[in-house]
$ cat coords-v6.cif   # mmCIF, C-alpha atoms
data_start
#
loop_
_atom_site.label_atom_id
_atom_site.label_comp_id
_atom_site.auth_asym_id
_atom_site.auth_seq_id
_atom_site.Cartn_x
_atom_site.Cartn_y
_atom_site.Cartn_z
CA MET A 204 3.46 -21.38 8.54
CA ALA A 205 5.41 -22.72 11.50
CA ASP A 206 7.56 -19.57 11.46
CA ASP A 207 4.45 -17.35 11.69
CA SER A 208 3.20 -19.39 14.63
CA LYS A 209 6.58 -19.16 16.33
CA ALA A 210 6.73 -15.40 15.78
CA SER A 211 3.20 -15.10 17.13
CA ASN A 212 4.07 -17.06 20.29
CA VAL A 213 7.23 -15.03 20.91
CA GLY A 214 5.38 -11.81 20.12
CA GLY A 215 2.63 -12.84 22.54
CA ARG A 216 5.14 -13.33 25.35
CA TYR A 217 6.71 -9.93 24.70
CA ALA A 218 3.24 -8.37 24.54
CA GLN A 219 2.25 -9.92 27.88
CA ALA A 220 5.41 -8.60 29.54
CA LEU A 221 4.83 -5.12 28.10
CA PHE A 222 1.16 -5.22 29.10
CA ASP A 223 2.04 -6.18 32.68
CA LEU A 224 4.64 -3.41 32.96
CA ALA A 225 2.42 -0.75 31.39
CA ASN A 226 -0.46 -1.79 33.63
CA GLU A 227 1.73 -1.61 36.77
CA GLN A 228 2.89 1.88 35.83
CA ASP A 229 -0.59 3.03 34.80
CA LYS A 230 0.56 3.65 31.20
CA LEU A 231 -1.70 1.24 29.28
CA ALA A 232 -3.40 3.96 27.24
CA ALA A 233 -0.14 5.68 26.32
CA VAL A 234 1.62 2.46 25.32
CA GLU A 235 -1.41 1.27 23.35
CA ALA A 236 -1.54 4.59 21.46
CA ASP A 237 2.20 4.32 20.74
CA LEU A 238 1.84 0.80 19.40
CA LYS A 239 -1.11 1.80 17.19
CA SER A 240 1.08 4.59 15.78
CA PHE A 241 3.96 2.17 15.29
CA LYS A 242 1.64 -0.27 13.51
CA ALA A 243 0.48 2.51 11.15
CA MET A 244 4.09 3.56 10.53
CA ARG A 245 5.03 -0.02 9.66
CA ALA A 246 2.08 -0.30 7.27
CA ASP A 247 3.06 2.95 5.53
CA SER A 248 6.82 2.44 5.35
CA ALA A 249 8.54 -0.21 3.27
CA ASP A 250 11.84 0.94 4.83
CA LEU A 251 10.57 0.22 8.35
CA ARG A 252 9.29 -3.21 7.28
CA THR A 253 12.71 -3.94 5.78
CA LEU A 254 14.52 -2.75 8.92
CA LEU A 255 12.42 -5.07 11.09
CA ALA A 256 12.61 -8.16 8.90
CA SER A 257 15.97 -8.02 7.15
CA PRO A 258 18.93 -9.97 8.51
CA ALA A 259 21.17 -7.47 6.67
CA PHE A 260 20.79 -5.10 9.63
CA THR A 261 22.47 -5.93 12.93
CA ALA A 262 20.55 -5.89 16.19
CA GLU A 263 22.45 -2.72 17.13
CA GLN A 264 21.37 -0.98 13.90
CA LYS A 265 17.77 -2.02 14.51
CA VAL A 266 17.90 -0.69 18.08
CA LYS A 267 19.24 2.65 16.82
CA GLY A 268 16.62 2.85 14.08
CA LEU A 269 13.72 2.00 16.36
CA SER A 270 15.02 4.36 19.04
CA ALA A 271 15.15 7.21 16.52
CA ILE A 272 11.61 6.43 15.38
CA ALA A 273 10.37 6.33 18.99
CA ASP A 274 12.06 9.66 19.77
CA LYS A 275 10.70 11.35 16.65
CA ALA A 276 7.17 10.06 17.36
CA GLY A 277 7.33 11.06 21.03
CA PHE A 278 6.67 7.57 22.33
CA ASP A 279 6.42 6.89 26.05
CA PRO A 280 9.73 5.69 27.55
CA ILE A 281 8.18 2.27 28.24
CA THR A 282 7.35 1.83 24.56
CA LYS A 283 10.79 3.04 23.48
CA LYS A 284 12.53 0.62 25.87
CA PHE A 285 10.29 -2.20 24.69
CA LEU A 286 11.12 -1.62 21.02
CA GLY A 287 14.81 -1.44 21.87
CA LEU A 288 14.74 -4.60 23.98
CA VAL A 289 12.96 -6.62 21.31
CA ALA A 290 15.45 -5.43 18.67
CA ALA A 291 18.47 -6.01 20.96
CA ASN A 292 17.29 -9.58 21.50
CA GLY A 293 17.21 -10.15 17.75
CA ARG A 294 13.41 -10.46 17.70
CA SER A 295 12.39 -7.36 15.75
CA SER A 296 10.59 -9.52 13.18
CA THR A 297 8.14 -10.50 15.95
CA LEU A 298 7.09 -6.89 16.63
CA PRO A 299 3.99 -7.03 14.38
CA ALA A 300 2.72 -10.10 16.27
CA ALA A 301 3.56 -8.44 19.60
CA VAL A 302 1.59 -5.33 18.66
CA VAL A 303 -1.47 -7.39 17.69
CA ALA A 304 -1.22 -9.43 20.90
CA PHE A 305 -0.88 -6.26 23.00
CA GLU A 306 -3.96 -4.75 21.32
CA SER A 307 -5.94 -7.87 22.21
CA LEU A 308 -4.76 -7.76 25.83
CA ALA A 309 -5.59 -4.06 26.15
CA ALA A 310 -9.03 -4.57 24.58
CA ALA A 311 -9.76 -7.45 26.97
CA ALA A 312 -8.73 -5.26 29.92
CA ARG A 313 -11.31 -2.69 28.80
CA GLY A 314 -13.96 -5.38 28.42
CA ALA A 315 -13.88 -5.15 24.64
CA VAL A 316 -12.72 -7.55 21.98
CA SER A 317 -10.59 -6.67 18.99
CA ALA A 318 -11.60 -7.87 15.54
CA GLN A 319 -9.90 -7.57 12.17
CA VAL A 320 -12.37 -7.17 9.30
CA THR A 321 -11.13 -7.61 5.74
CA THR A 322 -13.17 -6.68 2.69
CA ALA A 323 -12.43 -6.32 -1.02
CA LEU A 324 -13.65 -2.70 -1.02
CA PRO A 325 -13.78 -0.13 1.80
CA LEU A 326 -16.87 -0.46 3.99
CA THR A 327 -19.44 2.31 3.96
CA ALA A 328 -20.41 3.83 7.32
CA ALA A 329 -23.67 1.84 7.28
CA GLN A 330 -21.85 -1.42 6.50
CA ALA A 331 -19.28 -0.81 9.24
CA LYS A 332 -22.09 -0.12 11.72
CA GLY A 333 -23.86 -3.34 10.67
CA VAL A 334 -20.66 -5.38 11.08
CA ALA A 335 -20.10 -3.85 14.53
CA GLN A 336 -23.68 -4.66 15.60
CA ALA A 337 -23.41 -8.24 14.32
CA LEU A 338 -20.12 -8.76 16.16
CA ARG A 339 -21.54 -7.25 19.36
CA ALA A 340 -24.50 -9.64 19.17
CA ALA A 341 -22.30 -12.67 18.39
CA LEU A 342 -19.57 -11.94 20.94
CA GLY A 343 -21.55 -10.33 23.74
CA LYS A 344 -18.88 -7.63 23.98
CA ASP A 345 -18.17 -4.37 22.25
CA PRO A 346 -15.84 -4.99 19.31
CA GLU A 347 -12.90 -2.75 18.50
CA ILE A 348 -12.76 -3.18 14.75
CA GLU A 349 -9.71 -2.75 12.57
CA THR A 350 -10.67 -2.74 8.91
CA ARG A 351 -8.44 -3.75 6.02
CA VAL A 352 -9.03 -3.71 2.30
CA ASP A 353 -7.70 -6.70 0.35
CA PRO A 354 -8.90 -6.84 -3.28
CA SER A 355 -7.61 -10.42 -3.58
CA ILE A 356 -10.63 -11.74 -1.62
CA LEU A 357 -12.77 -10.53 -4.57
CA GLY A 358 -15.88 -9.92 -2.45
CA GLY A 359 -17.56 -10.82 0.81
CA ILE A 360 -15.92 -10.46 4.19
CA LYS A 361 -13.36 -12.07 6.48
CA VAL A 362 -13.50 -11.47 10.24
CA ARG A 363 -10.78 -12.56 12.65
CA VAL A 364 -11.41 -12.43 16.39
CA GLY A 365 -8.45 -13.82 18.28
CA SER A 366 -7.62 -17.17 16.73
CA ARG A 367 -11.11 -17.59 15.21
CA LEU A 368 -11.65 -16.75 11.55
CA PHE A 369 -15.01 -16.36 9.82
CA ASP A 370 -14.32 -16.42 6.08
CA ALA A 371 -17.25 -15.55 3.84
CA SER A 372 -15.07 -14.21 1.06
CA LEU A 373 -15.75 -14.93 -2.57
CA ARG A 374 -12.13 -16.15 -2.97
CA SER A 375 -12.71 -18.76 -0.26
CA LYS A 376 -15.96 -19.94 -1.85
CA LEU A 377 -14.35 -20.21 -5.28
CA ASP A 378 -11.41 -22.14 -3.83
CA SER A 379 -13.82 -24.57 -2.13
CA LEU A 380 -15.74 -25.03 -5.34
CA LYS A 381 -12.53 -25.64 -7.31
CA PHE A 382 -11.44 -28.22 -4.73
CA ALA A 383 -14.82 -29.97 -4.91
CA LEU A 384 -14.70 -30.06 -8.71
CA LYS A 385 -11.21 -31.56 -8.66
CA ARG A 386 -12.35 -34.33 -6.32
CA ALA A 387 -15.43 -35.17 -8.40
#
$ encode --input "coords-v6.cif" --output "structure tokens"
Amino acid sequence: MADDSKASNVGGRYAQALFDLANEQDKLAAVEADLKSFKAMRADSADLRTLLASPAFTAEQKVKGLSAIADKAGFDPITKKFLGLVAANGRSSTLPAAVVAFESLAAAARGAVSAQVTTALPLTAAQAKGVAQALRAALGKDPEIETRVDPSILGGIKVRVGSRLFDASLRSKLDSLKFALKRA
């Protein structure tokens, strides 16, 4: 857990630096689109996840790999330099946290808030609309929702907005019940 927190803090600092630079150069939208693409690539590619996390690859190999990915994807030069810098500094494992932090900063700059919604099954259009309306009412801002499907929660919903987590999943309720029964 402490390692995740450390990665998140380091990723947050990198994200803030990237955000400031992209904002100065009027490239926020381009960099944000690049990072969303990178996030999708990472989710789809076990090889990319291994490249980022594995100590078997040197920083130089990671820089070359990320540079090739950025070139192939047509990323903005700012994004490409950012990926290379993070890898050169031996911090490629913090890239996922940096991407999430950057998305939050960009959403806040637009007056929106980003939220991660996790369900056991994909949401229908009506359910997604209802979740968006409930978040808008609760937060007072337009939510930018990223949905994930995680069958391990069994049912219900988990919503993360920044560091706040609302967990109404069946898994969480069952775990609480099991804990209560053990204490009784």
$ resolve_selection --input "coords-v6.cif" --expression "the PyMOL selection byres ((chain A and resi 334-336) around 12)" --output "PyMOL selection string"
chain A and resi 315-322+326-333+337-350+360-362
$ residues_around --input "coords-v6.cif" --residues "stretch 369-373 of chain A" --least-positions-apart "2" --cutoff "10 Å" --atoms "all atoms listed in the file" --output "MDAnalysis selection string"
chainID A and resid 320:323 355:364 367 375:379
$ resolve_selection --input "coords-v6.cif" --expression "the PyMOL selection byres ((chain A and resi 300-304) around 6)" --output "ChimeraX atom specification"
/A:211,214-215,218,297-299,305-307
$ atom_distance --input "coords-v6.cif" --atom1 "atom CA of A:Ala246" --atom2 "atom CA of A:Arg351"
11.1 Å
$ closest_residue --input "coords-v6.cif" --among "A:Ala262, A:Ala249, A:Leu238, A:Ala311" --to "A:Ala276" --atoms "all atoms listed in the file"
A:Leu238
$ resolve_selection --input "coords-v6.cif" --expression "the PyMOL selection byres ((chain A and resi 270-274) around 9)" --output "VMD selection string"
chain A and resid 237 241 265 to 269 275 to 280 282 to 284 286 to 287
$ write_last_selection --input "coords-v6.cif" --atoms "C-alpha atoms" --output "mmCIF file, in the frame of the given file"
data_model
loop_
_atom_site.group_PDB
_atom_site.id
_atom_site.type_symbol
_atom_site.label_atom_id
_atom_site.label_comp_id
_atom_site.auth_asym_id
_atom_site.auth_seq_id
_atom_site.Cartn_x
_atom_site.Cartn_y
_atom_site.Cartn_z
ATOM 1 C CA ASP A 237 2.200 4.320 20.740
ATOM 2 C CA PHE A 241 3.960 2.170 15.290
ATOM 3 C CA LYS A 265 17.770 -2.020 14.510
ATOM 4 C CA VAL A 266 17.900 -0.690 18.080
ATOM 5 C CA LYS A 267 19.240 2.650 16.820
ATOM 6 C CA GLY A 268 16.620 2.850 14.080
ATOM 7 C CA LEU A 269 13.720 2.000 16.360
ATOM 8 C CA LYS A 275 10.700 11.350 16.650
ATOM 9 C CA ALA A 276 7.170 10.060 17.360
ATOM 10 C CA GLY A 277 7.330 11.060 21.030
ATOM 11 C CA PHE A 278 6.670 7.570 22.330
ATOM 12 C CA ASP A 279 6.420 6.890 26.050
ATOM 13 C CA PRO A 280 9.730 5.690 27.550
ATOM 14 C CA THR A 282 7.350 1.830 24.560
ATOM 15 C CA LYS A 283 10.790 3.040 23.480
ATOM 16 C CA LYS A 284 12.530 0.620 25.870
ATOM 17 C CA LEU A 286 11.120 -1.620 21.020
ATOM 18 C CA GLY A 287 14.810 -1.440 21.870
#
$ atom_distance --input "coords-v6.cif" --atom1 "atom CA of A:Asn212" --atom2 "atom CA of A:Gln228"
24.5 Å
